[in-house]
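S.K.: Please find one structure pasted underneath; my questions will follow.
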Amino acid sequence: ELLVREKHSNNYKQAAELLEQAFLKVEGTSKEIMEAEVCGQLAEVFLSLDNYEKSLDYGQKCLVLSKKTGRKDLEALAYGSVGSAYSKLGDLRRGLEFHMKSLDTNSTTGNQKQKWKCLYNLGVTCNALGDNESAIRYFRESLTVAKDVGDELLIGESHGGLGSVFYRTSRYPEAILHNEKHLAMAKEVKDKESQAKACGNLGNVYLTKGDYIRAFGLYQQQLTLYQETGNKFGEGNAVGSLGNVYHCRGELKKAIGNYEALLSIASMLKNKAAKAYALGRIGRSQYSLGENRKAQKNLEKMLQLSIEIGVKTLQGDAYGFLGNTHRSLGNYEEAMEMQKKFLEISKSTGDKVAEGLANAYMGSIYCCRG
């Protein structure tokens with residue numbers, strides 16, 4: 001149990017090994033409640049390890065067993081795990097459906113912390129879908145629950161959720177206010193992982209506002225915090241964010257160096273989603289340098305990986321970036337096909353922001369063709 005609670009990726013791996021051994025011993029026996037509990041823990045651990053397919057598999061097993069044994073608490077947990085796995089795999093609408101079921105099921109248990117988790121996950125999913133009003137409502141409800149429970153870490157996380165929606169909707173003063181509250185709460189409870197997340201979210205706001213010095217400082221703090229906790233995945237994300245600052249400042253070679261460092265960490269962790277993201281960022285910077293052929297190769301690798309792991313949002317980004325590259329190469333028909341696929345995926349996931357980008361990219365192709 002201690003291993004499950006630890007926030008270091010190595011401990012998650014150890015937890016997965018021990019829990020899978022436990023699962024083999026109880027699988028198919030009369031101890032179905034224990035089997036459901038182990039499956040539920042495995043679903044959460046593999047979600048933390050970014051192995052979404054395995055998380056989904058164990059979450060579905062937990063769901064079947066919890067229904068069979070009448071354990072509503074485990075059923076609510078399983079619905080949430082399955083919803084998170086689907087969301088991480090890019091199927092946001094199915095993720096939303098399961099998070100709603102998790103909230104409904106939890107209402108029969110009275111577990112307030114699980115209720116907070118349900119509401120928070122619904123906020124995250126609605127935010128990703130571009131349903132900003134619903135996201136704000138769920139994050140505010142989660143904040144109320146967190147205050148009722150008196151858990152300062154959860155209060156901070158809810159503020160962070162609100163900050164992320166306000167950032168997405170360009171309400172930057174409110175985004176800064178809530179992300180600063182998140183950071184203050186995380187510092188108060190001395191949770192470095194939560195502090196790192198808050199620093200990253202604040203950095204994103206300042207980066208968008210063009211305050212590169214402040215954004216860079218926040219991403220540096222995020223990097224240090226993740227290094228202190230031993231979170232290699234978080235470290236990679238922070239290095240990538242620093243690369244985004246370099247990219248915005250026009251220091252494209254430095255940006256590529258950071259993205260390559262992120263790619264190295266992602267490869268070490270065997271995290272295909274992070275590898276795809278890093279390849280996309282490298283390709284984007286190469287495109288900005290006019291190195292279209294190099295960009296094309298990396299973006300095609302990104303597309304291949306994102307299709308392999310089934311993450312639709314990454315697939316959409318890959319098609320969009322590739323479409324822009326083909327447009328610069330004068331391959332207008334291929335560019336249009338890529339952007340149509342980007343638009344199709346954006347509509348299927350309900351991402352209104354991405355849908356708008358796809359339409360804009362197609363418009364630019366028509367302009368080039370005269």
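Ordering of the structure tokens sets the chain letters (A, B, ...), residue numbers begin anew at 1 in every chain, and ligands are numbered from 1 in the order given.
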Applying 6 Å and only C-alpha atoms, which residues near stretch 314-320 of chain A remain after dropping the ones on its own chain fewer than 3 positions away? List them as a list in words.

M.R.: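 Once the nearby chain positions are removed, what remains is Leu303, Ser306, Val311, Gly323, Met338, Gln339, Phe342 and Ile345 of chain A.
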
S.K.: Write out as a list of chain:residue names each polymer residue whose atoms come within 8 Å of A:Leu305, counting only C-alpha atoms; drop sequence neighbours fewer than 4 positions from it.

M.R.: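 Near A:Leu305, the qualifying residues are A:Lys272, A:Ala273, A:Lys275, A:Ala276, A:Lys301, A:Ile309.
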
S.K.: Write a file of the selected residues as a PDB file, in the first residue's frame, keeping all heavy atoms.

M.R.:
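Once everything was written out, this is out.pdb:
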ATOM      1  N   LYS A 272       5.322   6.010 -24.912  1.00  0.00           N
ATOM      2  CA  LYS A 272       5.126   6.308 -26.330  1.00  0.00           C
ATOM      3  C   LYS A 272       4.388   7.625 -26.549  1.00  0.00           C
ATOM      4  O   LYS A 272       4.639   8.327 -27.535  1.00  0.00           O
ATOM      5  CB  LYS A 272       4.390   5.153 -27.009  1.00  0.00           C
ATOM      6  CG  LYS A 272       5.232   3.886 -27.125  1.00  0.00           C
ATOM      7  CD  LYS A 272       4.483   2.780 -27.851  1.00  0.00           C
ATOM      8  CE  LYS A 272       5.352   1.533 -27.974  1.00  0.00           C
ATOM      9  NZ  LYS A 272       4.633   0.430 -28.673  1.00  0.00           N
ATOM     10  N   ALA A 273       3.481   7.955 -25.636  1.00  0.00           N
ATOM     11  CA  ALA A 273       2.744   9.214 -25.775  1.00  0.00           C
ATOM     12  C   ALA A 273       3.702  10.399 -25.649  1.00  0.00           C
ATOM     13  O   ALA A 273       3.637  11.353 -26.438  1.00  0.00           O
ATOM     14  CB  ALA A 273       1.649   9.303 -24.725  1.00  0.00           C
ATOM     15  N   LYS A 275       6.930  10.299 -26.177  1.00  0.00           N
ATOM     16  CA  LYS A 275       7.816  10.254 -27.347  1.00  0.00           C
ATOM     17  C   LYS A 275       7.148  10.930 -28.537  1.00  0.00           C
ATOM     18  O   LYS A 275       7.786  11.709 -29.261  1.00  0.00           O
ATOM     19  CB  LYS A 275       8.159   8.801 -27.705  1.00  0.00           C
ATOM     20  CG  LYS A 275       9.200   8.157 -26.812  1.00  0.00           C
ATOM     21  CD  LYS A 275       9.406   6.699 -27.159  1.00  0.00           C
ATOM     22  CE  LYS A 275      10.058   6.507 -28.505  1.00  0.00           C
ATOM     23  NZ  LYS A 275      10.343   5.076 -28.776  1.00  0.00           N
ATOM     24  N   ALA A 276       5.884  10.626 -28.741  1.00  0.00           N
ATOM     25  CA  ALA A 276       5.148  11.227 -29.858  1.00  0.00           C
ATOM     26  C   ALA A 276       5.085  12.744 -29.700  1.00  0.00           C
ATOM     27  O   ALA A 276       5.297  13.493 -30.662  1.00  0.00           O
ATOM     28  CB  ALA A 276       3.745  10.645 -29.939  1.00  0.00           C
ATOM     29  N   LYS A 301       6.877  10.089 -37.792  1.00  0.00           N
ATOM     30  CA  LYS A 301       7.126   9.189 -36.656  1.00  0.00           C
ATOM     31  C   LYS A 301       6.115   9.458 -35.544  1.00  0.00           C
ATOM     32  O   LYS A 301       5.616   8.541 -34.895  1.00  0.00           O
ATOM     33  CB  LYS A 301       8.548   9.391 -36.115  1.00  0.00           C
ATOM     34  CG  LYS A 301       9.655   8.868 -37.017  1.00  0.00           C
ATOM     35  CD  LYS A 301      11.012   9.158 -36.397  1.00  0.00           C
ATOM     36  CE  LYS A 301      12.161   8.729 -37.290  1.00  0.00           C
ATOM     37  NZ  LYS A 301      13.473   9.104 -36.718  1.00  0.00           N
ATOM     38  N   ILE A 309      -0.615   3.859 -30.342  1.00  0.00           N
ATOM     39  CA  ILE A 309      -1.119   3.867 -28.964  1.00  0.00           C
ATOM     40  C   ILE A 309      -2.584   4.309 -28.905  1.00  0.00           C
ATOM     41  O   ILE A 309      -3.211   4.255 -27.851  1.00  0.00           O
ATOM     42  CB  ILE A 309      -0.265   4.761 -28.048  1.00  0.00           C
ATOM     43  CG1 ILE A 309      -0.239   6.214 -28.556  1.00  0.00           C
ATOM     44  CG2 ILE A 309       1.152   4.206 -27.932  1.00  0.00           C
ATOM     45  CD1 ILE A 309       0.561   7.163 -27.673  1.00  0.00           C
TER      46      ILE A 309
END

S.K.: Which polymer residues have any atom within 12 Å of an atom of A:Leu225, counting only C-alpha atoms, with same-chain residues fewer than 3 positions away left out, as a PyMOL selection string?

M.R.: chain A and resi 186-187+190-200+218-222+228-232+234-235+238

S.K.: Would you tabulate, counting only C-alpha atoms, all residues of stretch 83-170 of chain A that have an atom at most 8 Å from an atom of stretch 46-60 of chain A, showing the closest pair of atoms and their distance in Å to one decimal, sorted by chain then ascending number, as a Markdown table?

M.R.:
| residue | atom | partner | partner_atom | distance |
| --- | --- | --- | --- | --- |
| A:Ser84 | CA | A:Leu47 | CA | 7.8 |
| A:Ala85 | CA | A:Tyr52 | CA | 5.2 |
| A:Tyr86 | CA | A:Leu56 | CA | 7.3 |
| A:Lys88 | CA | A:Tyr52 | CA | 6.8 |
| A:Leu89 | CA | A:Tyr52 | CA | 6.7 |

S.K.: For the selection you just gave me, I'd like the residues written to a file as a PDB file, in the first residue's frame, keeping all heavy atoms.

M.R.:
ATOM      1  N   SER A  84     -10.702   7.570 -16.919  1.00  0.00           N
ATOM      2  CA  SER A  84      -9.406   8.238 -17.079  1.00  0.00           C
ATOM      3  C   SER A  84      -8.572   7.573 -18.169  1.00  0.00           C
ATOM      4  O   SER A  84      -7.894   8.253 -18.947  1.00  0.00           O
ATOM      5  CB  SER A  84      -8.635   8.220 -15.750  1.00  0.00           C
ATOM      6  OG  SER A  84      -9.296   9.006 -14.783  1.00  0.00           O
ATOM      7  N   ALA A  85      -8.617   6.243 -18.228  1.00  0.00           N
ATOM      8  CA  ALA A  85      -7.868   5.521 -19.265  1.00  0.00           C
ATOM      9  C   ALA A  85      -8.375   5.885 -20.652  1.00  0.00           C
ATOM     10  O   ALA A  85      -7.589   6.159 -21.566  1.00  0.00           O
ATOM     11  CB  ALA A  85      -7.960   4.016 -19.032  1.00  0.00           C
ATOM     12  N   TYR A  86      -9.699   5.896 -20.831  1.00  0.00           N
ATOM     13  CA  TYR A  86     -10.265   6.279 -22.129  1.00  0.00           C
ATOM     14  C   TYR A  86      -9.873   7.719 -22.489  1.00  0.00           C
ATOM     15  O   TYR A  86      -9.526   8.010 -23.643  1.00  0.00           O
ATOM     16  CB  TYR A  86     -11.782   6.144 -22.116  1.00  0.00           C
ATOM     17  CG  TYR A  86     -12.292   4.748 -22.400  1.00  0.00           C
ATOM     18  CD1 TYR A  86     -13.205   4.129 -21.544  1.00  0.00           C
ATOM     19  CD2 TYR A  86     -11.878   4.052 -23.540  1.00  0.00           C
ATOM     20  CE1 TYR A  86     -13.676   2.839 -21.806  1.00  0.00           C
ATOM     21  CE2 TYR A  86     -12.347   2.778 -23.807  1.00  0.00           C
ATOM     22  CZ  TYR A  86     -13.244   2.172 -22.938  1.00  0.00           C
ATOM     23  OH  TYR A  86     -13.707   0.905 -23.216  1.00  0.00           O
ATOM     24  N   LYS A  88      -7.226   9.417 -21.498  1.00  0.00           N
ATOM     25  CA  LYS A  88      -5.798   9.463 -21.830  1.00  0.00           C
ATOM     26  C   LYS A  88      -5.524   8.862 -23.207  1.00  0.00           C
ATOM     27  O   LYS A  88      -4.569   9.253 -23.887  1.00  0.00           O
ATOM     28  CB  LYS A  88      -4.981   8.721 -20.773  1.00  0.00           C
ATOM     29  CG  LYS A  88      -4.963   9.383 -19.412  1.00  0.00           C
ATOM     30  CD  LYS A  88      -4.160  10.666 -19.431  1.00  0.00           C
ATOM     31  CE  LYS A  88      -4.005  11.243 -18.035  1.00  0.00           C
ATOM     32  NZ  LYS A  88      -3.235  12.511 -18.039  1.00  0.00           N
ATOM     33  N   LEU A  89      -6.355   7.917 -23.613  1.00  0.00           N
ATOM     34  CA  LEU A  89      -6.216   7.309 -24.940  1.00  0.00           C
ATOM     35  C   LEU A  89      -6.866   8.169 -26.028  1.00  0.00           C
ATOM     36  O   LEU A  89      -6.846   7.811 -27.204  1.00  0.00           O
ATOM     37  CB  LEU A  89      -6.834   5.905 -24.948  1.00  0.00           C
ATOM     38  CG  LEU A  89      -6.020   4.831 -24.226  1.00  0.00           C
ATOM     39  CD1 LEU A  89      -6.855   3.583 -23.990  1.00  0.00           C
ATOM     40  CD2 LEU A  89      -4.761   4.483 -25.009  1.00  0.00           C
TER      41      LEU A  89
END

S.K.: Can you list, as a PyMOL selection string, every protein, DNA or RNA residue that comes within 10 Å of stretch 174-181 of chain A when you count only C-alpha atoms, leaving out same-chain residues fewer than 2 positions away?

M.R.: chain A and resi 155-172+183-187+195+197-206

S.K.: Tell me which protein, DNA and RNA residues are within 9 Å of A:Cys118, counting only C-alpha atoms, leaving out same-chain ones fewer than 3 positions away, and put them as a list in words.

M.R.: Ala76, Leu77, Gly80, His99, Met100, Ser102, Leu103, Asn106, Lys113, Gln114, Lys115, Asn121, Leu122, Gly123 and Ser142 of chain A

S.K.: For the residues selected in the previous step, produce a file with C-alpha atoms as a PDB file, in the first residue's frame.

M.R.:
ATOM      1  CA  ALA A  76     -17.206   3.936  -8.409  1.00  0.00           C
ATOM      2  CA  LEU A  77     -13.401   3.650  -8.359  1.00  0.00           C
ATOM      3  CA  GLY A  80     -13.297   6.487 -12.678  1.00  0.00           C
ATOM      4  CA  HIS A  99     -16.716   9.616 -15.059  1.00  0.00           C
ATOM      5  CA  MET A 100     -20.432  10.472 -14.923  1.00  0.00           C
ATOM      6  CA  SER A 102     -18.460   7.063 -11.300  1.00  0.00           C
ATOM      7  CA  LEU A 103     -20.113  10.145  -9.784  1.00  0.00           C
ATOM      8  CA  ASN A 106     -20.380   7.196  -5.597  1.00  0.00           C
ATOM      9  CA  LYS A 113     -12.970  12.235  -1.146  1.00  0.00           C
ATOM     10  CA  GLN A 114     -14.055   9.898  -3.940  1.00  0.00           C
ATOM     11  CA  LYS A 115     -16.769  12.429  -4.816  1.00  0.00           C
ATOM     12  CA  ASN A 121     -11.995  14.189 -13.291  1.00  0.00           C
ATOM     13  CA  LEU A 122     -15.201  15.500 -14.874  1.00  0.00           C
ATOM     14  CA  GLY A 123     -13.706  18.999 -14.813  1.00  0.00           C
ATOM     15  CA  SER A 142     -14.978  19.875  -6.363  1.00  0.00           C
TER      16      SER A 142
END

S.K.: Just checking: using only C-alpha atoms, which residue out of A:Thr349, A:Ser267, A:Thr105, A:Ser328 ends up closest to A:Leu289?

M.R.: A:Ser328

S.K.: Contacts of A:Ala135 at 7 Å or less, counting only C-alpha atoms, minus same-chain residues fewer than 6 places along, as a list in words?

M.R.: Gly123, Val124, Cys126 and Asn127 of chain A

S.K.: Only N, CA, C and O atoms, please: the residues just picked out, written as a compact mmCIF listing (two decimals), in the first residue's frame.

M.R.:
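Result file is part17.txt:
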# COMPACT_ATOMS: atom_id res chain seq x y z
N GLY A 123 -14.21 17.68 -14.44
CA GLY A 123 -13.71 19.00 -14.81
C GLY A 123 -12.57 18.91 -15.82
O GLY A 123 -12.54 19.64 -16.82
N VAL A 124 -11.64 17.99 -15.55
CA VAL A 124 -10.50 17.80 -16.46
C VAL A 124 -10.97 17.38 -17.85
O VAL A 124 -10.50 17.90 -18.87
N CYS A 126 -14.05 17.68 -19.26
CA CYS A 126 -14.82 18.74 -19.93
C CYS A 126 -13.89 19.84 -20.43
O CYS A 126 -14.12 20.41 -21.52
N ASN A 127 -12.85 20.14 -19.67
CA ASN A 127 -11.86 21.13 -20.10
C ASN A 127 -11.19 20.68 -21.40
O ASN A 127 -11.04 21.45 -22.35

S.K.: A:Gln296: which residues within 8 Å, counting only C-alpha atoms, same-chain residues fewer than 6 positions away excluded, as a list in words?

M.R.: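 Near A:Gln296, the qualifying residues are Gly283, Leu322, Thr325 and His326 of chain A.
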
S.K.: What is the distance between atom CA of A:Lys297 and atom CA of A:Tyr277, in Å to one decimal?

M.R.: 14.1 Å

S.K.: Smallest atom-to-atom distance to A:Ala128: which of A:Ile307, A:Val353, A:Leu263, A:Leu63, using only C-alpha atoms?

M.R.: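 Ranking A:Ile307, A:Val353, A:Leu263, A:Leu63 by distance to A:Ala128, first place goes to A:Val353.
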
S.K.: Could you check the closest approach to A:His182 for each of A:Leu279, A:Leu154, A:Ile136, A:Val239 and tell me which residue wins, using only C-alpha atoms?

M.R.: A:Leu154

S.K.: Just give me the gap between atom CA of A:Cys39 and atom CA of A:Lys25 in Å, one decimal is fine.

M.R.: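 Interatomic distance, atom CA of A:Cys39 to atom CA of A:Lys25: 12.3 Å.
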